[in-house]
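So the structure is just underneath, and the comments pick up after that.
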Amino acid sequence: MNVTQIVLEFFDSRGGLPGASQDEKLACAYLDAKIVDSMGIIDMVSHFEDIFDIRFDADDLQSQEFQTVGGLIGVIEKLRTTAA
């Protein structure tokens with residue numbers, strides 16, 4: 001399961017991410033860019049928890065990593081590794 005592809009597809013379904021390259025897209029702070037709003041975070045978290053069979057805890061949600069697309073992918077990959 002390609003975490004990066006699935007996360008990018010999620011954001012594409014919500015209007016896409018700014019940036020021409022994948023690196024620019026991964027650096028996007030999706031809340032600041034208004035791609036996901038506060039209610040959208042709830043949908044996003046439950047979507048990724050269901051798809052990847054993980055659970056975010058409060059520390060994950062408040063981490064600096066969680067604020068960018070690339071960081072979010074890192075958090076998901078870390079949770080998948082620790083859940084396995």
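The chains in the structure tokens are called A, B, ... from first to last as shown; in each chain the residues are counted from 1, and the ligands are counted from 1 in the order shown.
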Contacts of Leu31 (chain A) within 10 Å, only C-alpha atoms, excl. fewer than 4 positions in-chain, as a PyMOL selection string: chain A and resi 35-38+40-41+67-69
Just-selected residues, C-alpha atoms written as a compact mmCIF listing (two decimals), in the first residue's frame:
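Saved file part-v1.txt follows:
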```txt
# COMPACT_ATOMS: atom_id res chain seq x y z
CA ILE A 35 -7.40 22.69 1.52
CA VAL A 36 -8.79 21.14 4.68
CA ASP A 37 -10.70 23.11 7.30
CA SER A 38 -11.26 22.24 10.94
CA GLY A 40 -12.30 18.44 7.26
CA ILE A 41 -9.59 17.36 9.70
CA GLN A 67 0.79 20.08 9.68
CA THR A 68 2.28 19.32 6.25
CA VAL A 69 1.36 16.69 3.70
```
Region 4-9 of chain A environment, 12 Å, only C-alpha atoms, sequence neighbours closer than 3 positions dropped, as a PyMOL selection string: chain A and resi 1+12-18+22-28+30+44-45+47-49+51-52+68-77
Contacts of Leu79 (chain A) within 8 Å, only C-alpha atoms, excl. fewer than 6 positions in-chain, as a VMD selection string: chain A and resid 54 to 56
Please, could you write that set of residues out with N, CA, C and O atoms as a compact mmCIF listing (two decimals), in the first residue's frame?
```txt
# COMPACT_ATOMS: atom_id res chain seq x y z
N ILE A 54 -4.96 2.37 11.53
CA ILE A 54 -4.13 3.01 12.55
C ILE A 54 -5.01 3.87 13.43
O ILE A 54 -6.19 4.07 13.12
N ARG A 55 -4.45 4.38 14.50
CA ARG A 55 -5.14 5.35 15.35
C ARG A 55 -4.18 6.48 15.68
O ARG A 55 -3.09 6.24 16.21
N PHE A 56 -4.57 7.70 15.33
CA PHE A 56 -3.80 8.88 15.72
C PHE A 56 -4.09 9.18 17.18
O PHE A 56 -5.23 9.09 17.61
```
In chain A, DSSP alpha helix (DSSP H) residues written as an MDAnalysis selection string: chainID A and resid 3:12 22:26 38:52 58:62 69:83
Coordinates-based distance that separates CA of Ala58 (chain A) from CA of Ser46 (chain A) (Å, one decimal): 13.7 Å
